[in-house]
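Novice: Quick one: structure below, then a few questions.
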Amino acid sequence: MKRLLVWALATAGGLAFAAVLAYAVLSALKPGGEVLAVPLRWWPSRFEWHNFALPFEQTPFARYYANSVFVGVTVTLLNLVTCTLAGYSFSKFSYPGRNVAFVVVLATLMVPLEVIYVPLYALIYDLGWVNSFAGLIIPAGTSAFGIFLMRQAIDSVPDELLEAARLDGAGVLRTLLTIVGPLVRGPMAALALFIFLMNWDSHLWPLLVASDDDHRTLPVGLAAMQANNLGASGIPMMMAAAVLALVPTVALFLSLQKRFVEGVAMSAGLR
Amino acid sequence: MTTHRHRRRFMAFVLAAAVAGTGALAACGGDDEGGDGNVTLTFWTHTHPPMIELNKTLIAEYQSKNPNVKIEYQQVPNTEFATKMLTSLSTGAGPDIINMDDNALRGEYFPKRLLSPVDPAGFGKSSVAEVEAEYVPGTLDGAKDAEGKLYGVPSEFNGTAFAINTKHFKDAGLDPATPPKTWQEVIDYGKKLNAAGHKQAFNFLYLHSGWYNQWFQTLANQTGGSILSADGKTAALNSPGSKKALELWVELARTSGIADPKTSSRDATAPYQDLASGTQSMAIVYPWSMDQIKESNPETYKDLAVVPLPQADATAQPVSRVYGYFWAVNAASKRKAEAWKFIAYLASARDRWLTDVSFVQPVKGWDTSAAAKQIPFIDVIAQAYANGRYDQVGPHWNEVQDTIHKAVDQAVFDGKPVDQVLNEANEAVQRSIGS
Amino acid sequence: MTTTTARTVRVSGSGRAPARRRRVHGRDLVGAALSLPALLLFAFFAIYPGLRVFYLSLFDYSLTAPPEFVGLDNFRFLAEDPRFRQAVLNSVFYTVGTYLPALALALALAVALRRKTRGLGWVRLLYFLPVATSWVAISVVWRLVLHPDGLLNETFHLDVNWLTSSSTARWALVIMGIWKETGFFLILFLAGLARMPEEVHEAALVDGANPWQRFWRVTFPLLKPITAICSVIAVIRGFQAFSPQVVLTGGAFDTEVVNLFVYKTAFESARMGRASAVAVLMFALLIAVTLVQLRVFRRTDT
């Protein structure tokens, strides 16, 4: 009985949380004047589907979106490659300096971007990568969390399989591709999802590095759009833009929820 | 077997090289120096739709007159304009031609040596003095450094005036032909407007720090206040004149009740949204504001009248404020000569700037030209310049403007005492300019 | 090392290669080379800037002019700077105000919702959704929610000017933060609870302990390691706050957190040396707070 009460409370809380998202979607569909009408009416008097075209009509929203997708996918692929290779290297091989290298990698977890981005920006400037996709993609090409994850995952691949492959004459990479890879598909998917989400969300770095319209990513573009549209008349477009920006990550989350949850848990070092 | 291993290893190297390669390719993105005589100039401005239209027209004309020149024009959103311009110029990633306000020029760019002085050849003249001779004396001061060297020519030169909505006035039983001459009258009129149902009688625009600074300077000019001392070496925000300015602001925006600062203009899509939509009855305006309203809300525009700026002290000589935006050339530009030629072309379209955008180019005789006569209220606007002066600006001016922003927020929105707020702000400004 | 890296039961013979063998095989060299791409990226884009930030903090640097050595002047300035002090306070307020309730709520929800009952999966999903939203987009939504005529005021019949007052703006950001971050920690706590052996729970039930005692005596102590990690992560995330402040207030009304202060100092005021000094101080603070937290949790470990 008590349990049911607790569950009911938790459910009520959950609905309250979800209410914000419902409010966003419904506001995006309302005609402009209705959004902030007092008292609050949840349901739109009519569905203004046209609002969703506004960001594309009035701003380079499509470009921002495309840039985010391009950068996100590239960064994810790059991470998959570098983290899997490094995880494999740290897990199944022994060589002098291996453990030191791994500790150094872990140490970078304690140093968030926020601490280093000023000299990092100066470096990007010196490399000539300001306002280029290189500046957005390459510094984000690997992650300590990803390496840690892949190492954990590859740890659980039985040595016998690798030994057997070696005896068969398979080289290091062949083993990786044909034996190890398939066995760690799950963690790789979780990693890919997590990296994509983190990158989709990235605001500070793209704001610095790529602030011209050709290279602007969605968070930066959206923030700029918001700054230009502070008023009531801009709300339908901004809500529509926000909802459109939310769709990929929420959709990915819903369809890959298990993997997502796995990814978050693994990011804290929990299996 | 061995071949397999070699092949896989080779693929790994190819992969690594590809990654590095994309980086290198992308890095080569930079500005192109067409060795075939073709010139590409980059040109950035803030976002003001009427100005953007005319810029695009002039660019098209220039490109057809000069087929080997291509102009890449980019508009930057206003709230990030200051940061983006500064960062880009500082990192050498800025455009060839900039269009910036005098506060930024004198407060940030000159101290940091980010701009290149005017090249008279671009204007077809043999000396800078000849270029200057065309303009009304004193109007170019906004683009001159401490030694008097000129770095730009004005794209717009703004005196400060006041707009009233005559229909609202009539609703409140007020005579539009006798507009408020002092801020106290603004409050009195405001109360009558409130009574007639116009709840937003008067307010300032609370957009980014630059706007806050404009209003403060306007008021401080009238109350005898200033941000810096006369020699520019110490902060003067806690001087009696400065305190009076902020107190006046608080009275107008908060205590008099003639409008609610929390809703007005925080919700503006574009500056003057509230005035343009007929929500606000009175506002401080510039020539370009009226033009913008004419294009966005022609119905309301018909009801608006431009009158002289109200004063803090009715007995004294009227005091106002001017500011300007200037076209200038990036010190890091590799195409300075061509850049100045293009700027000269932009500046030569002065009549069109006046008629199409209401941007005043302060050349001698501008106020009596045929183009000027087409501007409604031109006499009020022309008069506004006579009483105005450029702001006094110091180093690290971005920080100072942020400090003013915070001080006003605290006084107007939080209701903190003006003395306390300005004392803290004064210290902050002192720390900024002294380091 | 923390106990959270405990490995699950593995097939015999799998795991990691030992640190040293008697000689290094050629194969191992190839294996070593595999880590190079990642290590090179780290070297250039994490380690080098990580070291350089200390170096730059001793200079006055505006990116156009050559750096000018000023020794500890930047630190001296910051020690007396009201704006920096306020930024630190704002960050502390945001971190504690957001993450303490978020962690507590997440823990409570984890305990309440841990069962695999079908309906509960949906309830959990409702809390997870905010985690899947991107910060900037959701800040745009919250700007509307926090509008004087928006969802928050209307639902609770309030008349608060959330984003235009120094007394409420910071709370507005905290409310949004709790909404967004609770689900993240819920995931972590659920994972931790799932790993808890059922036998311990059974034993407590048999002992006749009531639910509250069960929680405090059994569940919570076993959750210590995860709580430790969660709290370390929470502090780091708190100091990383940037997007909501930028979109909702621009840092006005006492919401200028340290991260935003660094950004403005470096890129609006072009004082990169001073910004680096702030970064160094932030880094030191983070390390110190993390060490303290780990020690606190370790000391109370049963």
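Here's how to read the names in the structure tokens: chain A, B, ... by the order shown, residue numbers from 1 in each chain, ligand numbers from 1 in the order shown.
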Listing only residues of chain A within 8 Å of chain B, what is the closest atom pair and its distance in Å (to one decimal) for each, using only C-alpha atoms, sorted by chain and residue number ascending, as a Markdown table?

Specialist:
| residue | atom | partner | partner_atom | distance |
| --- | --- | --- | --- | --- |
| A:Tyr125 | CA | B:Thr91 | CA | 6.9 |
| A:Leu127 | CA | B:Ala27 | CA | 7.4 |
| A:Gly128 | CA | B:Ala27 | CA | 5.7 |
| A:Trp129 | CA | B:Ala27 | CA | 5.2 |
| A:Val130 | CA | B:Ala93 | CA | 7.4 |
| A:Ser132 | CA | B:Ala26 | CA | 6.1 |
| A:Phe133 | CA | B:Ala26 | CA | 6.5 |
| A:Ala134 | CA | B:Gly23 | CA | 5.0 |
| A:Ile138 | CA | B:Gly23 | CA | 7.1 |
| A:Gly169 | CA | B:Met1 | CA | 6.1 |
| A:Ala170 | CA | B:Arg5 | CA | 7.1 |
| A:Gly171 | CA | B:Arg5 | CA | 4.9 |
| A:Val172 | CA | B:Arg5 | CA | 7.6 |
| A:Leu173 | CA | B:Arg8 | CA | 6.0 |
| A:Arg174 | CA | B:Arg8 | CA | 6.7 |
| A:Ser211 | CA | B:Lys84 | CA | 7.9 |
| A:Ala224 | CA | B:Pro77 | CA | 6.5 |
| A:Met225 | CA | B:Pro77 | CA | 7.9 |
| A:Ala227 | CA | B:Thr79 | CA | 6.2 |
| A:Asn228 | CA | B:Thr269 | CA | 6.3 |
| A:Asn229 | CA | B:Thr269 | CA | 4.6 |
| A:Leu230 | CA | B:Thr269 | CA | 5.1 |
| A:Gly231 | CA | B:Asp267 | CA | 3.7 |
| A:Ala232 | CA | B:Asp267 | CA | 6.1 |
| A:Ser233 | CA | B:Thr269 | CA | 7.0 |
| A:Gly234 | CA | B:Thr269 | CA | 6.5 |

Novice: Restrict the distance test to only C-alpha atoms, flag each residue of chain C within 6 Å of chain A, and return the flagged residues as a list in words.

Specialist: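 That gives Gly13, Ser14, Gly15, Arg16, Ala17, Ala19, Asp28, Gly31, Ala32, Leu34, Ser35, Ala38, Phe45, Pro49, Gly50, Val53, Val123, Leu126, Tyr127, Ala132, Thr133, Ser134, Val136, Ala137, Asp149, Leu188 and Ala279 of chain C for chain C.
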
Novice: Include C-alpha atoms and write out the residues we just selected as a PDB file, in the first residue's frame.

Specialist:
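Dumped everything to part_3.pdb:
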ATOM      1  CA  GLY C  13      41.534 -16.496 -19.296  1.00  0.00           C
ATOM      2  CA  SER C  14      40.207 -13.152 -20.432  1.00  0.00           C
ATOM      3  CA  GLY C  15      41.239  -9.811 -19.012  1.00  0.00           C
ATOM      4  CA  ARG C  16      44.163  -7.617 -19.475  1.00  0.00           C
ATOM      5  CA  ALA C  17      47.665  -8.538 -20.520  1.00  0.00           C
ATOM      6  CA  ALA C  19      52.131  -5.094 -17.393  1.00  0.00           C
ATOM      7  CA  ASP C  28      53.162  -5.787 -28.818  1.00  0.00           C
ATOM      8  CA  GLY C  31      49.673  -3.025 -30.418  1.00  0.00           C
ATOM      9  CA  ALA C  32      51.386  -0.068 -28.835  1.00  0.00           C
ATOM     10  CA  LEU C  34      47.413   1.451 -32.046  1.00  0.00           C
ATOM     11  CA  SER C  35      47.125   3.787 -29.139  1.00  0.00           C
ATOM     12  CA  ALA C  38      44.413   8.778 -29.379  1.00  0.00           C
ATOM     13  CA  PHE C  45      44.710  19.038 -27.506  1.00  0.00           C
ATOM     14  CA  PRO C  49      46.910  23.243 -23.356  1.00  0.00           C
ATOM     15  CA  GLY C  50      46.631  21.826 -19.847  1.00  0.00           C
ATOM     16  CA  VAL C  53      47.229  27.365 -19.051  1.00  0.00           C
ATOM     17  CA  VAL C 123       7.883   6.419 -15.056  1.00  0.00           C
ATOM     18  CA  LEU C 126       9.816  10.461 -17.812  1.00  0.00           C
ATOM     19  CA  TYR C 127      12.761  11.374 -15.626  1.00  0.00           C
ATOM     20  CA  ALA C 132      18.460  13.438 -23.574  1.00  0.00           C
ATOM     21  CA  THR C 133      17.789  17.099 -24.319  1.00  0.00           C
ATOM     22  CA  SER C 134      20.558  19.403 -25.425  1.00  0.00           C
ATOM     23  CA  VAL C 136      20.924  25.183 -25.492  1.00  0.00           C
ATOM     24  CA  ALA C 137      17.677  23.955 -27.004  1.00  0.00           C
ATOM     25  CA  ASP C 149       3.437  34.624 -18.177  1.00  0.00           C
ATOM     26  CA  LEU C 188      23.636   6.050 -12.017  1.00  0.00           C
ATOM     27  CA  ALA C 279      41.197  28.541 -15.023  1.00  0.00           C
TER      28      ALA C 279
END

Novice: Could you name the residues that touch B:Leu248 at 12 Å or less, counting only C-alpha atoms, but leaving out those on the same chain fewer than 5 positions away, as a ChimeraX atom specification?

Specialist: /B:182-184,186-187,215-216,218-220,222-223,225,241-243,253-256,311-313,408,411-412,418

Novice: Check the smallest atom-to-atom distance from each of B:Ser90, B:Ser435, B:Gln361, B:Asn68 to chain C using only C-alpha atoms, then report the winner.

Specialist: B:Ser90

Novice: Should the cut-off be 8 Å, what would the residue list for chain C against chain B look like, counting only C-alpha atoms, as a PyMOL selection string?

Specialist: chain C and resi 37+62-65+82-83+161+164-167+252-253+267-270

Novice: Quick one, how far is atom CA of B:Asn221 from atom CA of B:Ala283?

Specialist: 17.7 Å

Novice: How would you write, as a PyMOL selection string, the set of residues in stretch 54-140 of chain B that DSSP gives as strand (DSSP E)?

Specialist: chain B and resi 69-76+97-101+115-116

Novice: The selected residues should be written to file as an mmCIF file, in the first residue's frame (atoms: N, CA and C atoms).

Specialist:
data_model
loop_
_atom_site.group_PDB
_atom_site.id
_atom_site.type_symbol
_atom_site.label_atom_id
_atom_site.label_comp_id
_atom_site.auth_asym_id
_atom_site.auth_seq_id
_atom_site.Cartn_x
_atom_site.Cartn_y
_atom_site.Cartn_z
ATOM 1 N N VAL B 69 36.503 42.180 -58.587
ATOM 2 C CA VAL B 69 36.367 42.240 -57.127
ATOM 3 C C VAL B 69 35.115 41.484 -56.705
ATOM 4 N N LYS B 70 35.272 40.644 -55.682
ATOM 5 C CA LYS B 70 34.121 39.958 -55.125
ATOM 6 C C LYS B 70 34.038 40.326 -53.653
ATOM 7 N N ILE B 71 32.847 40.660 -53.205
ATOM 8 C CA ILE B 71 32.674 41.065 -51.822
ATOM 9 C C ILE B 71 31.827 40.025 -51.093
ATOM 10 N N GLU B 72 32.396 39.437 -50.050
ATOM 11 C CA GLU B 72 31.634 38.492 -49.244
ATOM 12 C C GLU B 72 31.074 39.226 -48.035
ATOM 13 N N TYR B 73 29.761 39.318 -48.019
ATOM 14 C CA TYR B 73 29.118 40.155 -47.017
ATOM 15 C C TYR B 73 28.463 39.273 -45.958
ATOM 16 N N GLN B 74 28.779 39.514 -44.709
ATOM 17 C CA GLN B 74 28.192 38.719 -43.644
ATOM 18 C C GLN B 74 27.578 39.619 -42.583
ATOM 19 N N GLN B 75 26.381 39.259 -42.124
ATOM 20 C CA GLN B 75 25.726 40.021 -41.062
ATOM 21 C C GLN B 75 25.806 39.237 -39.759
ATOM 22 N N VAL B 76 26.204 39.912 -38.716
ATOM 23 C CA VAL B 76 26.390 39.266 -37.412
ATOM 24 C C VAL B 76 25.225 39.652 -36.491
ATOM 25 N N ILE B 97 36.858 44.602 -44.184
ATOM 26 C CA ILE B 97 36.168 45.858 -43.896
ATOM 27 C C ILE B 97 35.223 45.650 -42.727
ATOM 28 N N ILE B 98 35.334 46.539 -41.772
ATOM 29 C CA ILE B 98 34.425 46.449 -40.631
ATOM 30 C C ILE B 98 33.530 47.676 -40.589
ATOM 31 N N ASN B 99 32.489 47.566 -39.782
ATOM 32 C CA ASN B 99 31.553 48.671 -39.632
ATOM 33 C C ASN B 99 31.200 48.695 -38.156
ATOM 34 N N MET B 100 31.800 49.582 -37.405
ATOM 35 C CA MET B 100 31.719 49.484 -35.948
ATOM 36 C C MET B 100 31.441 50.843 -35.324
ATOM 37 N N ASP B 101 30.935 50.814 -34.081
ATOM 38 C CA ASP B 101 30.574 52.074 -33.424
ATOM 39 C C ASP B 101 31.787 52.732 -32.775
ATOM 40 N N LEU B 115 43.282 48.316 -36.252
ATOM 41 C CA LEU B 115 42.806 48.917 -37.500
ATOM 42 C C LEU B 115 43.914 49.656 -38.226
ATOM 43 N N SER B 116 43.617 49.944 -39.483
ATOM 44 C CA SER B 116 44.591 50.586 -40.351
ATOM 45 C C SER B 116 44.089 51.993 -40.703
#

Novice: What parts of stretch 99-240 of chain B does DSSP call alpha helix (DSSP H)? I'd like the answer as a ChimeraX atom specification.

Specialist: /B:102-104,128-133,166-171,183-195,209-223,240
